[in-house]
Amino acid sequence: MRYWSGCARDQRLPALILTARDSLDERVRSLNAGDDDFLAKPFALAELQARLHALVHRARGNEHPRLACGPLVYDGARKQFLLQGKALALSPREQAVLRVLVQRSGDPFSKQQILERVFPDDEDVHLEAVEVFVHRLRKRLEGSGVRITNLRGLGYALEA
């Protein structure tokens, strides 16, 4: 069922169909109708995230995401953070934690939410690891005009 039937759909907006139907005919019909991708239930959240990321990436063409919070910028093309125009030396896990926070600057993320986004498949990582990475990031951002605040009961937020 197409909810946009009869309406002009913006072709730049990718369409991912989530359905319980998994026959070859249904997939072919969906793709021939103009849907960009098709995912049958049940599916893993990691696969859904990967497909959404790929669709958005394709929709943007060669544009690479640049996320920013004050003087802190994440350059998606280089896959690195710049602080006041200079490369910020971070470990891969520090970078992953900071990337989670910069994607929605100002919005709090609980330790559990950060843990699930940074270590989705690693059951051996504990909440205390998030505290360690946040502590290290706070030291690296000190005096830059960007800080990670702890909003009591809500979590960590990146603010300029």
# chains A, B, ... in the order shown; residues from 1 in each chain; ligands from 1
$ residues_around --residues "Leu52 (chain A)" --least-positions-apart "3" --cutoff "12 Å" --atoms "only C-alpha atoms" --output "PDB file with C-alpha atoms, in the first residue's frame"
ATOM      1  CA  LEU A  13      13.263  11.769  -0.589  1.00  0.00           C
ATOM      2  CA  PRO A  14      14.221   8.085  -0.417  1.00  0.00           C
ATOM      3  CA  ALA A  15      11.544   5.488   0.319  1.00  0.00           C
ATOM      4  CA  LEU A  16      12.341   2.420   2.412  1.00  0.00           C
ATOM      5  CA  ILE A  17       9.471  -0.046   2.606  1.00  0.00           C
ATOM      6  CA  LEU A  18       9.149  -2.026   5.855  1.00  0.00           C
ATOM      7  CA  ASP A  36      14.416   2.740  -3.123  1.00  0.00           C
ATOM      8  CA  ASP A  37      14.788  -0.217  -0.782  1.00  0.00           C
ATOM      9  CA  PHE A  38      12.762  -2.968   0.813  1.00  0.00           C
ATOM     10  CA  LEU A  39      13.153  -4.599   4.218  1.00  0.00           C
ATOM     11  CA  LEU A  45      17.903  -2.678  14.091  1.00  0.00           C
ATOM     12  CA  ALA A  46      21.512  -2.507  12.898  1.00  0.00           C
ATOM     13  CA  GLU A  47      20.424  -3.474   9.369  1.00  0.00           C
ATOM     14  CA  LEU A  48      17.659  -0.855   9.383  1.00  0.00           C
ATOM     15  CA  GLN A  49      20.147   1.817  10.495  1.00  0.00           C
ATOM     16  CA  LEU A  55      19.663   5.750   1.404  1.00  0.00           C
ATOM     17  CA  VAL A  56      20.369   9.175   2.883  1.00  0.00           C
ATOM     18  CA  HIS A  57      23.954   9.029   1.625  1.00  0.00           C
ATOM     19  CA  ARG A  58      22.781   8.210  -1.906  1.00  0.00           C
ATOM     20  CA  ALA A  59      20.078  10.882  -1.788  1.00  0.00           C
TER      21      ALA A  59
END
$ residues_around --residues "Lys79 (chain A)" --least-positions-apart "3" --cutoff "12 Å" --atoms "only C-alpha atoms" --output "count of residues only"
17
$ residues_around --residues "Val132 (chain A)" --least-positions-apart "6" --cutoff "12 Å" --atoms "only C-alpha atoms" --output "PyMOL selection string"
chain A and resi 93-94+97+111+115+125-126+138-139
$ write_last_selection --atoms "N, CA and C atoms" --output "PDB file, in the first residue's frame"
ATOM      1  N   ARG A  93      36.988   5.318  19.600  1.00  0.00           N
ATOM      2  CA  ARG A  93      35.829   5.283  20.496  1.00  0.00           C
ATOM      3  C   ARG A  93      35.478   6.676  21.010  1.00  0.00           C
ATOM      4  N   GLU A  94      36.465   7.499  21.294  1.00  0.00           N
ATOM      5  CA  GLU A  94      36.180   8.883  21.677  1.00  0.00           C
ATOM      6  C   GLU A  94      35.465   9.594  20.541  1.00  0.00           C
ATOM      7  N   VAL A  97      31.794   8.468  20.378  1.00  0.00           N
ATOM      8  CA  VAL A  97      30.974   9.088  21.425  1.00  0.00           C
ATOM      9  C   VAL A  97      30.682  10.543  21.072  1.00  0.00           C
ATOM     10  N   LYS A 111      23.589   7.493  29.322  1.00  0.00           N
ATOM     11  CA  LYS A 111      24.743   6.608  29.147  1.00  0.00           C
ATOM     12  C   LYS A 111      24.342   5.372  28.343  1.00  0.00           C
ATOM     13  N   LEU A 115      25.909   4.125  24.881  1.00  0.00           N
ATOM     14  CA  LEU A 115      26.457   2.774  24.835  1.00  0.00           C
ATOM     15  C   LEU A 115      25.858   1.982  23.667  1.00  0.00           C
ATOM     16  N   VAL A 125      30.946  -4.249  27.273  1.00  0.00           N
ATOM     17  CA  VAL A 125      31.207  -2.858  27.630  1.00  0.00           C
ATOM     18  C   VAL A 125      30.152  -2.401  28.628  1.00  0.00           C
ATOM     19  N   HIS A 126      30.608  -1.735  29.695  1.00  0.00           N
ATOM     20  CA  HIS A 126      29.716  -1.300  30.766  1.00  0.00           C
ATOM     21  C   HIS A 126      29.498   0.210  30.710  1.00  0.00           C
ATOM     22  N   ARG A 138      35.893  15.752  27.680  1.00  0.00           N
ATOM     23  CA  ARG A 138      35.806  17.033  28.395  1.00  0.00           C
ATOM     24  C   ARG A 138      37.187  17.681  28.510  1.00  0.00           C
ATOM     25  N   LYS A 139      38.196  16.865  28.785  1.00  0.00           N
ATOM     26  CA  LYS A 139      39.565  17.397  28.882  1.00  0.00           C
ATOM     27  C   LYS A 139      40.035  17.947  27.539  1.00  0.00           C
TER      28      LYS A 139
END
$ select_by_dssp --residues "chain A" --states "strand (DSSP E or B)" --output "ChimeraX atom specification"
/A:16-19,37-40,66-69,72-75,80-83,86-87,109,147-151,155-159
$ atom_distance --atom1 "CA of Leu127 (chain A)" --atom2 "CA of Leu158 (chain A)"
18.4 Å
